[in-house]
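Dropping final-v5.cif in here (mmCIF, C-alpha atoms):
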```cif
data_coords
loop_
_atom_site.label_atom_id
_atom_site.label_comp_id
_atom_site.auth_asym_id
_atom_site.auth_seq_id
_atom_site.Cartn_x
_atom_site.Cartn_y
_atom_site.Cartn_z
CA MET A 1 9.68 33.65 0.00
CA ALA A 2 7.19 31.30 1.60
CA ALA A 3 3.52 31.41 0.69
CA ARG A 4 1.20 32.93 3.25
CA GLY A 5 -1.99 31.52 4.62
CA ARG A 6 -3.29 28.02 5.03
CA LYS A 7 -1.96 25.18 2.95
CA PRO A 8 -4.56 23.98 0.45
CA THR A 9 -6.61 20.96 1.46
CA PRO A 10 -5.98 17.96 -0.83
CA THR A 11 -8.80 17.30 -3.28
CA ALA A 12 -9.29 13.73 -2.04
CA LEU A 13 -9.91 15.05 1.48
CA LYS A 14 -12.36 17.65 0.19
CA VAL A 15 -14.28 14.90 -1.59
CA LEU A 16 -14.39 12.78 1.59
CA GLU A 17 -15.70 15.77 3.55
CA GLY A 18 -18.36 16.54 0.94
CA ASN A 19 -16.56 19.67 -0.35
CA PRO A 20 -17.74 21.92 2.50
CA GLY A 21 -16.51 25.12 0.81
CA LYS A 22 -18.45 24.28 -2.38
CA ARG A 23 -15.53 25.65 -4.41
CA PRO A 24 -14.55 23.92 -7.65
CA LEU A 25 -12.30 20.90 -7.06
CA ASN A 26 -8.79 20.85 -8.52
CA GLU A 27 -8.97 18.33 -11.38
CA ASN A 28 -5.24 18.74 -12.18
CA GLU A 29 -3.96 17.60 -8.80
CA PRO A 30 -1.45 14.72 -9.05
CA LYS A 31 -3.04 11.35 -8.31
CA PRO A 32 -0.65 8.51 -7.47
CA ASN A 33 -1.70 4.99 -8.43
CA LYS A 34 -3.82 3.42 -5.70
CA LYS A 35 -1.58 0.38 -5.57
CA ALA A 36 0.18 -0.79 -2.41
CA PRO A 37 3.98 -0.61 -2.58
CA THR A 38 5.99 -3.80 -2.26
CA CYS A 39 7.12 -4.69 1.24
CA PRO A 40 10.79 -3.77 1.84
CA LYS A 41 13.07 -6.76 2.45
CA TRP A 42 14.86 -4.99 5.34
CA LEU A 43 11.80 -4.92 7.63
CA GLU A 44 11.87 -7.14 10.70
CA PRO A 45 9.65 -10.28 10.46
CA GLU A 46 7.00 -8.83 12.81
CA ALA A 47 6.93 -5.60 10.75
CA LYS A 48 6.39 -7.64 7.58
CA LYS A 49 3.44 -9.37 9.26
CA GLU A 50 1.93 -5.97 10.06
CA TRP A 51 2.57 -4.85 6.45
CA ARG A 52 0.72 -7.88 5.09
CA ARG A 53 -2.10 -7.39 7.62
CA LEU A 54 -2.85 -3.80 6.61
CA ALA A 55 -1.57 -3.21 3.07
CA LYS A 56 -4.35 -5.01 1.16
CA GLN A 57 -7.11 -3.40 3.23
CA MET A 58 -5.63 0.08 2.85
CA GLU A 59 -5.09 -0.46 -0.87
CA ALA A 60 -8.75 -1.50 -1.26
CA LEU A 61 -9.83 1.70 0.51
CA GLY A 62 -7.57 3.72 -1.80
CA ILE A 63 -5.55 5.20 1.06
CA LEU A 64 -2.24 3.43 0.41
CA THR A 65 -0.26 4.25 -2.71
CA GLU A 66 3.24 3.62 -4.00
CA VAL A 67 4.41 7.00 -2.68
CA ASP A 68 3.54 5.96 0.89
CA MET A 69 6.21 3.22 1.08
CA ALA A 70 8.64 4.97 3.46
CA ALA A 71 5.99 6.23 5.87
CA PHE A 72 4.13 2.90 5.92
CA ALA A 73 7.41 0.97 6.40
CA GLY A 74 8.28 3.31 9.29
CA TYR A 75 4.93 2.60 10.90
CA CYS A 76 5.31 -1.17 10.50
CA GLN A 77 8.85 -1.15 11.92
CA ALA A 78 7.77 1.01 14.87
CA TYR A 79 4.83 -1.33 15.49
CA ALA A 80 7.18 -4.35 15.55
CA ARG A 81 9.52 -2.67 18.04
CA TRP A 82 6.63 -1.54 20.23
CA LYS A 83 5.23 -5.07 20.28
CA GLU A 84 8.65 -6.48 21.20
CA ALA A 85 8.97 -3.94 24.04
CA GLU A 86 5.48 -4.78 25.34
CA GLU A 87 6.27 -8.50 25.34
CA PHE A 88 9.53 -7.83 27.22
CA ILE A 89 7.72 -5.74 29.83
CA SER A 90 5.06 -8.45 30.23
CA GLN A 91 7.74 -11.04 30.94
CA HIS A 92 10.21 -8.99 33.00
CA GLY A 93 8.18 -6.13 34.45
CA THR A 94 8.69 -2.40 34.12
CA ILE A 95 11.55 -2.03 36.59
CA VAL A 96 15.03 -2.82 35.34
CA LYS A 97 17.65 -3.48 38.01
CA THR A 98 21.13 -2.20 37.26
CA PRO A 99 24.34 -2.54 39.25
CA PRO A 100 24.91 0.25 41.78
CA ALA A 101 26.44 3.37 40.31
CA ILE A 102 29.97 4.38 41.18
CA THR A 103 29.74 7.45 43.37
CA ASN A 104 32.08 10.40 43.23
CA SER A 105 33.52 9.55 46.66
CA SER A 106 34.43 6.00 45.58
CA ARG A 107 36.04 7.42 42.43
CA ARG A 108 38.07 9.87 44.51
CA SER A 109 39.26 7.18 46.90
CA ALA A 110 40.21 4.91 43.98
CA LEU A 111 42.11 7.80 42.40
CA ARG A 112 43.80 8.57 45.74
CA ARG A 113 44.91 4.96 46.11
CA HIS A 114 46.27 4.99 42.57
CA THR A 115 48.22 8.23 43.12
CA LEU A 116 49.66 7.11 46.45
CA LYS A 117 51.04 3.92 44.84
CA SER A 118 52.85 5.87 42.10
#
```

For the structure just supplied, provide its representation as structure tokens.
Amino acid sequence: MAARGRKPTPTALKVLEGNPGKRPLNENEPKPNKKAPTCPKWLEPEAKKEWRRLAKQMEALGILTEVDMAAFAGYCQAYARWKEAEEFISQHGTIVKTPPAITNSSRRSALRRHTLKS
């Protein structure tokens, strides 16, 4: 059965907020090493650039740890794809021209022609 009520606020967040509830802080809460994870090899080159740009700063602030690898990699990859899309839109515009769609009436007439030949 699921626990009721609010989820507990992490101790690190309470410390940042000045412990507004003035309740004792949880000293036994798990604390991952404040060390940036290694950059995954599978990231796109632009995502790796973003990783290098932010990882050291976030590590210095103590807000990036080894357990954050997947989420941080997801952000970097999404950033790279967003940047690529923005560059494409800058070059080609926001409207993409496609060939005219085949309408139902043209499908029916093509089908009719095919059936009459058989």

(message) Please compute the atom CA of A:Gln91-atom CA of A:Lys49 distance, one decimal, in Å.
(response) 22.2 Å

(message) Need the shell around stretch 1-11 of chain A: protein/DNA/RNA residues with any atom at most 8 Å away, counting all atoms listed in the file. Skip same-chain ones fewer than 3 positions apart. Format as a list of chain:residue names?
(response) A:Lys14, A:Val15, A:Leu25, A:Asn26, A:Glu29

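One finds atom CA of A:Asn19 at 19.2 Å from atom CA of A:Leu61.
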
(request) Decode the PyMOL selection byres ((chain A and resi 62) around 12) for the given file into explicit residues and return them as JSON, numbers by chain. (result) {"A": [12, 16, 31, 32, 33, 34, 35, 36, 55, 56, 57, 58, 59, 60, 61, 63, 64, 65, 66, 68]}

Preceding selection exported with C-alpha atoms as a PDB file, in the coordinates of the input:
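File produced: out.pdb:
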```pdb
ATOM      1  CA  ALA A  12      -9.290  13.730  -2.040  1.00  0.00           C
ATOM      2  CA  LEU A  16     -14.390  12.780   1.590  1.00  0.00           C
ATOM      3  CA  LYS A  31      -3.040  11.350  -8.310  1.00  0.00           C
ATOM      4  CA  PRO A  32      -0.650   8.510  -7.470  1.00  0.00           C
ATOM      5  CA  ASN A  33      -1.700   4.990  -8.430  1.00  0.00           C
ATOM      6  CA  LYS A  34      -3.820   3.420  -5.700  1.00  0.00           C
ATOM      7  CA  LYS A  35      -1.580   0.380  -5.570  1.00  0.00           C
ATOM      8  CA  ALA A  36       0.180  -0.790  -2.410  1.00  0.00           C
ATOM      9  CA  ALA A  55      -1.570  -3.210   3.070  1.00  0.00           C
ATOM     10  CA  LYS A  56      -4.350  -5.010   1.160  1.00  0.00           C
ATOM     11  CA  GLN A  57      -7.110  -3.400   3.230  1.00  0.00           C
ATOM     12  CA  MET A  58      -5.630   0.080   2.850  1.00  0.00           C
ATOM     13  CA  GLU A  59      -5.090  -0.460  -0.870  1.00  0.00           C
ATOM     14  CA  ALA A  60      -8.750  -1.500  -1.260  1.00  0.00           C
ATOM     15  CA  LEU A  61      -9.830   1.700   0.510  1.00  0.00           C
ATOM     16  CA  ILE A  63      -5.550   5.200   1.060  1.00  0.00           C
ATOM     17  CA  LEU A  64      -2.240   3.430   0.410  1.00  0.00           C
ATOM     18  CA  THR A  65      -0.260   4.250  -2.710  1.00  0.00           C
ATOM     19  CA  GLU A  66       3.240   3.620  -4.000  1.00  0.00           C
ATOM     20  CA  ASP A  68       3.540   5.960   0.890  1.00  0.00           C
TER      21      ASP A  68
END
```

(message) Evaluate the PyMOL selection byres ((chain A and resi 42) around 12) against this structure - the residues, as JSON, numbers by chain, please.
(response) {"A": [38, 39, 40, 41, 43, 44, 45, 46, 47, 48, 70, 73, 74, 76, 77]}

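Distance-wise, atom CA of A:Glu87 and atom CA of A:Phe72 end up 22.6 Å apart.
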
Using the structure just given, write a file holding N, CA and C atoms for stretch 36-74 of chain A, as a JSON list (two decimals), in the first residue's frame.
```json
[["chain", "number", "residue", "atom", "x", "y", "z"],
["A", 36, "ALA", "N", 31.14, 14.40, -11.01],
["A", 36, "ALA", "CA", 30.44, 14.31, -12.30],
["A", 36, "ALA", "C", 30.68, 12.94, -12.92],
["A", 37, "PRO", "N", 29.63, 12.34, -13.50],
["A", 37, "PRO", "CA", 29.82, 11.06, -14.20],
["A", 37, "PRO", "C", 30.61, 11.27, -15.48],
["A", 38, "THR", "N", 31.16, 10.19, -16.00],
["A", 38, "THR", "CA", 31.88, 10.30, -17.27],
["A", 38, "THR", "C", 30.89, 10.43, -18.41],
["A", 39, "CYS", "N", 31.27, 11.17, -19.41],
["A", 39, "CYS", "CA", 30.41, 11.42, -20.57],
["A", 39, "CYS", "C", 30.23, 10.14, -21.37],
["A", 40, "PRO", "N", 29.00, 9.74, -21.67],
["A", 40, "PRO", "CA", 28.78, 8.52, -22.46],
["A", 40, "PRO", "C", 29.31, 8.69, -23.89],
["A", 41, "LYS", "N", 29.89, 7.61, -24.40],
["A", 41, "LYS", "CA", 30.47, 7.65, -25.75],
["A", 41, "LYS", "C", 29.40, 7.77, -26.84],
["A", 42, "TRP", "N", 28.17, 7.34, -26.55],
["A", 42, "TRP", "CA", 27.11, 7.31, -27.57],
["A", 42, "TRP", "C", 26.46, 8.66, -27.82],
["A", 43, "LEU", "N", 26.79, 9.68, -27.05],
["A", 43, "LEU", "CA", 26.20, 11.00, -27.27],
["A", 43, "LEU", "C", 26.67, 11.58, -28.60],
["A", 44, "GLU", "N", 25.82, 12.36, -29.23],
["A", 44, "GLU", "CA", 26.18, 13.07, -30.44],
["A", 44, "GLU", "C", 27.26, 14.10, -30.11],
["A", 45, "PRO", "N", 28.09, 14.51, -31.09],
["A", 45, "PRO", "CA", 29.17, 15.47, -30.80],
["A", 45, "PRO", "C", 28.69, 16.76, -30.14],
["A", 46, "GLU", "N", 27.57, 17.31, -30.60],
["A", 46, "GLU", "CA", 27.06, 18.55, -30.00],
["A", 46, "GLU", "C", 26.61, 18.32, -28.56],
["A", 47, "ALA", "N", 26.08, 17.13, -28.26],
["A", 47, "ALA", "CA", 25.67, 16.79, -26.90],
["A", 47, "ALA", "C", 26.90, 16.67, -25.99],
["A", 48, "LYS", "N", 27.98, 16.13, -26.53],
["A", 48, "LYS", "CA", 29.22, 16.02, -25.75],
["A", 48, "LYS", "C", 29.77, 17.41, -25.43],
["A", 49, "LYS", "N", 29.64, 18.34, -26.38],
["A", 49, "LYS", "CA", 30.08, 19.72, -26.12],
["A", 49, "LYS", "C", 29.28, 20.32, -24.96],
["A", 50, "GLU", "N", 27.97, 20.09, -24.97],
["A", 50, "GLU", "CA", 27.11, 20.61, -23.90],
["A", 50, "GLU", "C", 27.48, 19.96, -22.57],
["A", 51, "TRP", "N", 27.78, 18.66, -22.60],
["A", 51, "TRP", "CA", 28.20, 17.93, -21.39],
["A", 51, "TRP", "C", 29.45, 18.60, -20.80],
["A", 52, "ARG", "N", 30.46, 18.81, -21.67],
["A", 52, "ARG", "CA", 31.70, 19.41, -21.20],
["A", 52, "ARG", "C", 31.47, 20.84, -20.68],
["A", 53, "ARG", "N", 30.55, 21.55, -21.33],
["A", 53, "ARG", "CA", 30.27, 22.94, -20.94],
["A", 53, "ARG", "C", 29.69, 23.03, -19.54],
["A", 54, "LEU", "N", 28.80, 22.11, -19.19],
["A", 54, "LEU", "CA", 28.09, 22.21, -17.91],
["A", 54, "LEU", "C", 28.60, 21.32, -16.79],
["A", 55, "ALA", "N", 29.16, 20.18, -17.11],
["A", 55, "ALA", "CA", 29.47, 19.17, -16.09],
["A", 55, "ALA", "C", 30.39, 19.71, -14.99],
["A", 56, "LYS", "N", 31.48, 20.36, -15.36],
["A", 56, "LYS", "CA", 32.43, 20.85, -14.35],
["A", 56, "LYS", "C", 31.80, 21.90, -13.44],
["A", 57, "GLN", "N", 31.01, 22.79, -14.04],
["A", 57, "GLN", "CA", 30.36, 23.84, -13.23],
["A", 57, "GLN", "C", 29.36, 23.22, -12.25],
["A", 58, "MET", "N", 28.57, 22.27, -12.75],
["A", 58, "MET", "CA", 27.58, 21.64, -11.88],
["A", 58, "MET", "C", 28.23, 20.79, -10.80],
["A", 59, "GLU", "N", 29.34, 20.14, -11.15],
["A", 59, "GLU", "CA", 30.08, 19.36, -10.16],
["A", 59, "GLU", "C", 30.61, 20.29, -9.06],
["A", 60, "ALA", "N", 31.15, 21.43, -9.45],
["A", 60, "ALA", "CA", 31.68, 22.39, -8.47],
["A", 60, "ALA", "C", 30.59, 22.89, -7.53],
["A", 61, "LEU", "N", 29.38, 23.04, -8.05],
["A", 61, "LEU", "CA", 28.26, 23.48, -7.21],
["A", 61, "LEU", "C", 27.70, 22.35, -6.35],
["A", 62, "GLY", "N", 28.12, 21.11, -6.65],
["A", 62, "GLY", "CA", 27.63, 19.96, -5.90],
["A", 62, "GLY", "C", 26.25, 19.49, -6.32],
["A", 63, "ILE", "N", 25.83, 19.86, -7.54],
["A", 63, "ILE", "CA", 24.49, 19.47, -7.98],
["A", 63, "ILE", "C", 24.51, 18.42, -9.08],
["A", 64, "LEU", "N", 25.68, 17.90, -9.41],
["A", 64, "LEU", "CA", 25.78, 16.82, -10.39],
["A", 64, "LEU", "C", 26.59, 15.70, -9.76],
["A", 65, "THR", "N", 25.97, 14.51, -9.68],
["A", 65, "THR", "CA", 26.64, 13.36, -9.09],
["A", 65, "THR", "C", 26.62, 12.20, -10.07],
["A", 66, "GLU", "N", 27.29, 11.13, -9.70],
["A", 66, "GLU", "CA", 27.36, 9.96, -10.57],
["A", 66, "GLU", "C", 25.98, 9.36, -10.86],
["A", 67, "VAL", "N", 25.03, 9.51, -9.95],
["A", 67, "VAL", "CA", 23.71, 8.93, -10.16],
["A", 67, "VAL", "C", 22.88, 9.73, -11.16],
["A", 68, "ASP", "N", 23.35, 10.90, -11.55],
["A", 68, "ASP", "CA", 22.61, 11.76, -12.48],
["A", 68, "ASP", "C", 22.96, 11.51, -13.95],
["A", 69, "MET", "N", 23.78, 10.50, -14.24],
["A", 69, "MET", "CA", 24.29, 10.30, -15.59],
["A", 69, "MET", "C", 23.19, 10.21, -16.63],
["A", 70, "ALA", "N", 22.20, 9.36, -16.44],
["A", 70, "ALA", "CA", 21.16, 9.16, -17.45],
["A", 70, "ALA", "C", 20.34, 10.43, -17.69],
["A", 71, "ALA", "N", 19.95, 11.10, -16.63],
["A", 71, "ALA", "CA", 19.14, 12.32, -16.78],
["A", 71, "ALA", "C", 19.95, 13.43, -17.46],
["A", 72, "PHE", "N", 21.21, 13.57, -17.06],
["A", 72, "PHE", "CA", 22.06, 14.62, -17.64],
["A", 72, "PHE", "C", 22.37, 14.30, -19.11],
["A", 73, "ALA", "N", 22.60, 13.03, -19.41],
["A", 73, "ALA", "CA", 22.84, 12.62, -20.81],
["A", 73, "ALA", "C", 21.59, 12.89, -21.65],
["A", 74, "GLY", "N", 20.42, 12.62, -21.10],
["A", 74, "GLY", "CA", 19.16, 12.90, -21.80],
["A", 74, "GLY", "C", 19.01, 14.38, -22.10]]
```
